[in-house]
>>> print(open('protein_25.csv').read())   # CSV, C-alpha atoms and all ligand atoms
chain,number,residue,atom,x,y,z
E,317,MET,CA,1.8,-85.8,-21.4
E,318,ARG,CA,5.4,-86.2,-22.5
E,319,LEU,CA,6.3,-84.2,-25.6
E,320,VAL,CA,9.3,-83.0,-27.5
E,321,LEU,CA,8.8,-79.5,-29.0
E,322,MET,CA,10.9,-78.9,-32.1
E,323,GLY,CA,11.3,-76.1,-34.7
E,324,PRO,CA,14.0,-73.8,-36.0
E,325,PRO,CA,15.3,-71.0,-33.9
E,326,GLY,CA,12.7,-68.2,-34.0
E,327,ALA,CA,9.8,-70.5,-34.6
E,328,GLY,CA,8.3,-69.4,-31.2
E,329,LYS,CA,9.1,-72.6,-29.3
E,330,GLY,CA,9.8,-70.8,-26.0
E,331,THR,CA,6.6,-68.8,-26.1
E,332,GLN,CA,4.5,-71.8,-27.0
E,333,ALA,CA,6.3,-74.1,-24.5
E,334,LYS,CA,5.5,-71.8,-21.6
E,335,ARG,CA,1.8,-71.7,-22.6
E,336,LEU,CA,1.5,-75.5,-23.2
E,337,ALA,CA,3.3,-76.4,-20.0
E,338,GLU,CA,0.9,-74.4,-18.0
E,339,ARG,CA,-2.2,-75.6,-19.9
E,340,PHE,CA,-1.4,-79.3,-19.8
E,341,LYS,CA,0.5,-79.3,-16.5
E,342,MET,CA,3.9,-80.4,-17.9
E,343,THR,CA,7.3,-79.4,-16.6
E,344,HIS,CA,9.0,-77.2,-19.2
E,345,LEU,CA,12.6,-78.1,-19.7
E,346,SER,CA,14.4,-75.7,-22.1
E,347,SER,CA,17.9,-76.8,-22.9
E,348,GLY,CA,18.8,-73.3,-23.9
E,349,ASP,CA,17.6,-71.9,-20.6
E,350,ILE,CA,19.4,-74.6,-18.6
E,351,LEU,CA,22.6,-74.1,-20.6
E,352,ARG,CA,22.4,-70.3,-20.2
E,353,ALA,CA,22.0,-70.6,-16.5
E,354,GLU,CA,25.1,-72.8,-16.3
E,355,ARG,CA,27.0,-70.4,-18.6
E,356,GLY,CA,26.1,-67.5,-16.4
E,357,SER,CA,27.3,-69.3,-13.2
E,358,GLY,CA,30.9,-68.6,-14.0
E,359,SER,CA,31.8,-72.3,-13.6
E,360,ASP,CA,34.5,-74.0,-15.7
E,361,LEU,CA,31.7,-75.7,-17.6
E,362,GLY,CA,30.0,-72.4,-18.1
E,363,VAL,CA,33.1,-70.9,-19.7
E,364,LYS,CA,33.3,-73.8,-22.0
E,365,LEU,CA,29.6,-73.5,-22.9
E,366,LYS,CA,30.0,-69.8,-23.7
E,367,SER,CA,32.5,-70.6,-26.5
E,368,PHE,CA,29.9,-72.7,-28.4
E,369,MET,CA,26.8,-70.7,-27.6
E,370,ASP,CA,27.9,-67.2,-28.4
E,371,ARG,CA,28.8,-68.2,-31.9
E,372,GLY,CA,25.6,-70.1,-32.6
E,373,ALA,CA,27.2,-73.5,-32.6
E,374,LEU,CA,25.7,-76.5,-30.9
E,375,VAL,CA,27.2,-77.6,-27.6
E,376,PRO,CA,28.8,-81.1,-27.9
E,377,ASP,CA,26.4,-84.0,-27.4
E,378,ASP,CA,28.1,-85.5,-24.3
E,379,ILE,CA,27.8,-82.3,-22.4
E,380,VAL,CA,24.2,-81.6,-23.3
E,381,VAL,CA,23.1,-85.2,-22.8
E,382,SER,CA,24.5,-85.4,-19.2
E,383,ILE,CA,23.0,-82.0,-18.2
E,384,MET,CA,19.6,-82.9,-19.7
E,385,ALA,CA,19.5,-86.5,-18.4
E,386,ALA,CA,19.8,-85.1,-14.9
E,387,ALA,CA,17.0,-82.6,-15.5
E,388,VAL,CA,14.8,-85.3,-17.0
E,389,ALA,CA,15.4,-87.8,-14.2
E,390,ALA,CA,14.3,-85.2,-11.7
E,391,GLN,CA,10.8,-85.0,-13.3
E,392,ALA,CA,8.1,-87.4,-12.2
E,393,SER,CA,5.3,-86.9,-14.7
E,394,GLY,CA,4.3,-84.5,-17.5
E,395,LEU,CA,7.3,-83.3,-19.5
E,396,LEU,CA,7.8,-80.7,-22.3
E,397,LEU,CA,11.2,-80.8,-23.8
E,398,ASP,CA,12.1,-77.6,-25.7
E,399,GLY,CA,15.3,-77.4,-27.7
E,400,PHE,CA,16.4,-80.9,-26.8
E,401,PRO,CA,17.1,-83.3,-28.5
E,402,ARG,CA,18.8,-81.3,-31.3
E,403,THR,CA,20.9,-84.1,-32.9
E,404,VAL,CA,20.1,-87.8,-33.6
E,405,PRO,CA,22.6,-89.1,-30.9
E,406,GLN,CA,20.8,-86.9,-28.4
E,407,ALA,CA,17.4,-88.3,-29.5
E,408,VAL,CA,18.8,-91.9,-29.1
E,409,SER,CA,20.1,-91.2,-25.6
E,410,LEU,CA,16.8,-89.6,-24.6
E,411,ASP,CA,14.9,-92.6,-25.9
E,412,GLU,CA,17.1,-95.0,-23.9
E,413,GLN,CA,16.7,-93.0,-20.7
E,414,LEU,CA,12.9,-92.6,-21.0
E,415,ASN,CA,12.5,-96.3,-21.9
E,416,LYS,CA,14.4,-97.3,-18.8
E,417,LEU,CA,12.2,-95.0,-16.8
E,418,HIS,CA,9.1,-96.6,-18.5
E,419,ARG,CA,8.1,-93.1,-19.5
E,420,PRO,CA,8.3,-93.0,-23.3
E,421,LEU,CA,7.6,-89.9,-25.4
E,422,GLU,CA,4.0,-89.6,-26.5
E,423,ALA,CA,4.5,-87.2,-29.4
E,424,VAL,CA,6.9,-84.9,-31.2
E,425,LEU,CA,5.5,-81.5,-32.0
E,426,VAL,CA,7.1,-79.5,-34.8
E,427,ILE,CA,6.5,-75.8,-35.2
E,428,ASP,CA,7.3,-75.3,-38.9
E,429,THR,CA,8.1,-71.7,-39.9
E,430,PRO,CA,9.5,-70.3,-43.2
E,431,ALA,CA,13.2,-69.3,-43.1
E,432,THR,CA,12.5,-65.8,-44.3
E,433,MET,CA,10.4,-65.1,-41.1
E,434,LEU,CA,13.0,-66.5,-38.7
E,435,LEU,CA,15.8,-64.0,-39.4
E,436,GLU,CA,13.6,-61.0,-38.8
E,437,ARG,CA,12.0,-62.5,-35.7
E,438,ILE,CA,15.4,-63.4,-34.0
E,439,THR,CA,17.5,-60.4,-34.9
E,440,GLY,CA,14.8,-58.0,-33.6
E,441,ARG,CA,14.5,-59.8,-30.4
E,442,ARG,CA,15.6,-58.1,-27.1
E,443,SER,CA,15.8,-60.2,-23.9
E,444,CYS,CA,15.9,-59.5,-20.2
E,445,PRO,CA,19.1,-61.2,-18.8
E,446,GLN,CA,17.4,-61.3,-15.4
E,447,CYS,CA,13.9,-62.8,-15.9
E,448,GLY,CA,14.1,-64.0,-19.5
E,449,ARG,CA,11.2,-61.9,-20.7
E,450,VAL,CA,11.4,-61.3,-24.5
E,451,TYR,CA,10.6,-58.2,-26.5
E,452,HIS,CA,10.8,-57.4,-30.2
E,453,VAL,CA,11.8,-54.1,-31.8
E,454,LYS,CA,8.9,-54.4,-34.3
E,455,TYR,CA,6.3,-56.8,-32.8
E,456,LEU,CA,6.6,-56.4,-29.0
E,457,PRO,CA,8.0,-52.9,-28.7
E,458,VAL,CA,10.9,-52.4,-26.3
E,459,PRO,CA,10.1,-49.8,-23.5
E,460,ALA,CA,11.6,-46.4,-24.3
E,461,ASP,CA,13.9,-46.6,-21.3
E,462,GLY,CA,15.3,-49.9,-22.5
E,463,LEU,CA,14.4,-51.6,-19.2
E,464,CYS,CA,12.4,-54.8,-18.6
E,465,GLU,CA,8.8,-54.0,-17.5
E,466,THR,CA,8.9,-57.0,-15.1
E,467,CYS,CA,12.2,-56.6,-13.3
E,468,GLN,CA,13.7,-53.3,-14.5
E,469,SER,CA,16.9,-54.9,-15.8
E,470,LYS,CA,18.5,-53.5,-18.9
E,471,LEU,CA,17.4,-55.4,-22.0
E,472,VAL,CA,20.0,-56.9,-24.3
E,473,GLN,CA,20.4,-58.5,-27.6
E,474,ARG,CA,21.6,-62.1,-26.9
E,475,ALA,CA,25.1,-62.6,-28.4
E,476,ASP,CA,23.6,-65.5,-30.5
E,477,ASP,CA,20.7,-63.3,-31.8
E,478,THR,CA,22.9,-61.3,-34.2
E,479,ALA,CA,22.6,-61.9,-37.9
E,480,GLU,CA,25.9,-63.7,-38.1
E,481,ALA,CA,25.2,-66.1,-35.2
E,482,VAL,CA,21.6,-66.7,-36.4
E,483,SER,CA,22.7,-67.8,-39.9
E,484,LYS,CA,25.0,-70.4,-38.1
E,485,ARG,CA,22.1,-71.5,-35.9
E,486,LEU,CA,19.8,-72.0,-38.9
E,487,ASP,CA,22.5,-73.9,-40.7
E,488,ALA,CA,23.0,-76.1,-37.6
E,489,TYR,CA,19.2,-76.7,-37.5
E,490,ARG,CA,19.1,-77.8,-41.1
E,491,ARG,CA,22.1,-80.1,-40.9
E,492,GLN,CA,21.9,-81.5,-37.4
E,493,THR,CA,18.3,-81.0,-36.0
E,494,ALA,CA,16.1,-81.6,-39.0
E,495,PRO,CA,17.3,-85.3,-39.2
E,496,VAL,CA,15.9,-85.8,-35.7
E,497,ILE,CA,12.4,-85.4,-37.2
E,498,VAL,CA,13.3,-88.1,-39.7
E,499,TYR,CA,14.6,-90.3,-36.9
E,500,TYR,CA,11.3,-90.0,-35.0
E,501,THR,CA,9.2,-90.5,-38.1
E,502,LYS,CA,11.1,-93.7,-39.0
E,503,ALA,CA,10.8,-94.9,-35.5
E,504,GLY,CA,7.0,-94.7,-35.9
E,505,ARG,CA,6.6,-91.9,-33.4
E,506,LYS,CA,3.6,-89.6,-33.6
E,507,VAL,CA,5.0,-86.4,-35.2
E,508,ILE,CA,2.6,-83.5,-35.3
E,509,THR,CA,3.5,-80.5,-37.5
E,510,VAL,CA,1.9,-77.1,-37.0
E,511,ASP,CA,2.3,-74.1,-39.2
E,512,GLY,CA,4.1,-71.4,-37.2
E,513,ALA,CA,3.6,-68.5,-39.6
E,514,ALA,CA,1.0,-66.8,-37.6
E,515,SER,CA,0.5,-64.8,-34.4
E,516,PRO,CA,1.5,-66.5,-31.1
E,517,ASP,CA,-2.2,-66.8,-30.1
E,518,GLN,CA,-3.1,-68.4,-33.5
E,519,VAL,CA,-0.2,-70.8,-33.2
E,520,THR,CA,-1.3,-71.8,-29.7
E,521,ALA,CA,-4.8,-72.5,-30.9
E,522,ARG,CA,-3.4,-74.7,-33.7
E,523,VAL,CA,-1.2,-76.6,-31.3
E,524,VAL,CA,-4.0,-77.2,-28.8
E,525,GLU,CA,-6.2,-78.4,-31.6
E,526,ALA,CA,-3.5,-80.7,-33.0
E,527,LEU,CA,-2.8,-82.2,-29.5
E,528,ARG,CA,-6.4,-83.4,-29.2
E,529,VAL,CA,-5.4,-86.6,-31.0
E,530,LEU,CA,-3.3,-87.7,-27.9
X,1,LIG,P1,18.1,-71.9,-27.7
X,1,LIG,O1,17.7,-71.0,-26.6
X,1,LIG,O2,17.2,-73.2,-27.6
X,1,LIG,O3,18.0,-71.3,-29.0
X,1,LIG,O4,19.6,-72.4,-27.4
X,1,LIG,C1,20.6,-71.5,-27.4
X,1,LIG,C2,22.0,-72.2,-27.6
X,1,LIG,O5,22.2,-73.2,-26.6
X,1,LIG,C3,22.0,-72.9,-28.9
X,1,LIG,O6,22.4,-72.1,-30.0
X,1,LIG,C4,23.2,-73.9,-28.6
X,1,LIG,O7,24.4,-73.3,-28.6
X,1,LIG,C5,22.8,-74.3,-27.2
X,1,LIG,N1,21.9,-75.5,-27.1
X,1,LIG,C6,20.6,-75.5,-26.6
X,1,LIG,N2,20.1,-76.7,-26.7
X,1,LIG,C7,21.1,-77.5,-27.2
X,1,LIG,C8,21.1,-78.9,-27.6
X,1,LIG,N3,20.1,-79.7,-27.4
X,1,LIG,N4,22.3,-79.3,-28.2
X,1,LIG,C9,23.3,-78.5,-28.4
X,1,LIG,N5,23.3,-77.2,-28.1
X,1,LIG,C10,22.2,-76.7,-27.5
>>> encode(input="protein_25.csv", output="structure tokens", more="lines below")
Ligand code: AMP
Amino acid sequence: MRLVLMGPPGAGKGTQAKRLAERFKMTHLSSGDILRAERGSGSDLGVKLKSFMDRGALVPDDIVVSIMAAAVAAQASGLLLDGFPRTVPQAVSLDEQLNKLHRPLEAVLVIDTPATMLLERITGRRSCPQCGRVYHVKYLPVPADGLCETCQSKLVQRADDTAEAVSKRLDAYRRQTAPVIVYYTKAGRKVITVDGAASPDQVTARVVEALRVL
């Protein structure tokens, strides 16, 4: 299966992507994770990425497209793209690349979640900088010692999970990413929308049911 997973920040894309990739044997490519790894490497490119990412702005298309094209080309079969494409030019580049590889997308899955839920979900999030495990001050309580239960690293709030950065990310989603759904719809792609206002398990069940049409 080759899918693009879309939805606003805080919709639960990361959680669902991990589960779906395992269940349907797809490689999960998260542009956010790939960019964070590059940012953390201390390279010149990483320093440049930090200036966009920490304030909740999108990284310029040319940079993201070249990084993601390399990751996509390295995958032979099932693919789950999470967080990419986020602009129409990125979607066009991805289509061109996949068409050349004779591996077109089969569907676009959108996790739709009301804006009021997103802010609370993201600003309460605490993440492990080492293994990526995610906690939430209200829904997935942070251990009393503030350390990750998997790898004992000190949990942090991502610089782009603060209220100020989140409102910028939501604005970027509305202005730059929502048009990608319109692009795919107009191109006649199968766009499957699932209501994300539920527990992670309920959303997974809805997604699995919705993917039966493929
Ligand atoms: P995420 O973990 O998907 O929320 O991504 C974190 C940050 O990485 C975003 O706020 C952007 O700064 C950057 N980013 C991730 N994916 C993309 C993309 N496809 N295009 C531009 N910037 C991106």
>>> closest_residue(input="protein_25.csv", among="E:Ile350, E:Leu471, E:Leu434, E:Leu395", to="E:Gly328", atoms="all atoms listed in the file")
E:Leu434
>>> residues_near_ligand(input="protein_25.csv", ligand="ligand LIG 1 (chain X)", cutoff="6 Å", atoms="all atoms listed in the file", output="list in words")
Pro325, Ser347, Gly348, Phe368, Met369, Gly372, Ala373, Leu374, Val375, Val380, Gly399, Phe400, Pro401, Arg402 and Arg485 of chain E
>>> closest_residue(input="protein_25.csv", among="E:Thr478, E:Asn415, E:Ser346, E:Gln406", to="E:Lys329", atoms="all atoms listed in the file")
E:Ser346
>>> residues_around(input="protein_25.csv", residues="E:Leu410", least_positions_apart="2", cutoff="10 Å", atoms="all atoms listed in the file", output="list in words")
Val381, Met384, Ala385, Val388, Phe400, Pro401, Val404, Pro405, Gln406, Ala407, Val408, Glu412, Gln413, Leu414, Asn415, Lys416, Pro420 and Leu421 of chain E
>>> closest_residue(input="protein_25.csv", among="E:Arg505, E:Arg371, E:Arg449, E:Arg491", to="E:Thr466", atoms="only C-alpha atoms")
E:Arg449
>>> residues_near_point(input="protein_25.csv", point="(23.2, -84.0, -34.6)", cutoff="6 Å", atoms="all atoms listed in the file", output="ChimeraX atom specification")
/E:403-404,492-493
>>> closest_residue(input="protein_25.csv", among="E:Pro457, E:Gly462, E:Gly362, E:Gly394", to="E:Gly440", atoms="only C-alpha atoms")
E:Pro457
>>> closest_residue(input="protein_25.csv", among="E:Arg355, E:Lys364, E:Arg437, E:His344", to="E:Gln391", atoms="all atoms listed in the file")
E:His344
>>> residues_near_point(input="protein_25.csv", point="(-0.1, -78.4, -17.2)", cutoff="12 Å", atoms="all atoms listed in the file", output="list in words")
Met317, Arg318, Ala333, Lys334, Arg335, Leu336, Ala337, Glu338, Arg339, Phe340, Lys341, Met342, Thr343, His344, Ser393, Gly394, Leu395 and Leu396 of chain E
>>> atom_distance(input="protein_25.csv", atom1="atom CA of E:Gln468", atom2="atom CA of E:Pro516")
24.5 Å
>>> atom_distance(input="protein_25.csv", atom1="atom CA of E:Cys464", atom2="atom CA of E:Ser443")
8.3 Å
>>> atom_distance(input="protein_25.csv", atom1="atom CA of E:Tyr500", atom2="atom CA of E:Asp411")
10.1 Å
>>> residues_around(input="protein_25.csv", residues="E:Ser515", least_positions_apart="5", cutoff="12 Å", atoms="only C-alpha atoms", output="list in words")
Ala327, Gly328, Thr331, Gln332, Thr429, Met433, Arg437, Tyr455, Leu456, Thr520, Ala521 and Arg522 of chain E
>>> residues_around(input="protein_25.csv", residues="E:Arg441", least_positions_apart="6", cutoff="7 Å", atoms="all atoms listed in the file", output="count of residues only")
5
>>> residues_around(input="protein_25.csv", residues="E:Thr509", least_positions_apart="3", cutoff="10 Å", atoms="all atoms listed in the file", output="list in words")
Met322, Gly323, Val424, Leu425, Val426, Ile427, Asp428, Lys506, Gly512, Arg522, Val523 and Ala526 of chain E
>>> write_last_selection(input="protein_25.csv", atoms="C-alpha atoms", output="tab-separated table (two decimals), in the frame of the given file")
chain	number	residue	atom	x	y	z
E	322	MET	CA	10.90	-78.90	-32.10
E	323	GLY	CA	11.30	-76.10	-34.70
E	424	VAL	CA	6.90	-84.90	-31.20
E	425	LEU	CA	5.50	-81.50	-32.00
E	426	VAL	CA	7.10	-79.50	-34.80
E	427	ILE	CA	6.50	-75.80	-35.20
E	428	ASP	CA	7.30	-75.30	-38.90
E	506	LYS	CA	3.60	-89.60	-33.60
E	512	GLY	CA	4.10	-71.40	-37.20
E	522	ARG	CA	-3.40	-74.70	-33.70
E	523	VAL	CA	-1.20	-76.60	-31.30
E	526	ALA	CA	-3.50	-80.70	-33.00
>>> closest_residue(input="protein_25.csv", among="E:Arg528, E:Arg442, E:Arg490, E:Lys454", to="E:Asp477", atoms="only C-alpha atoms")
E:Arg442
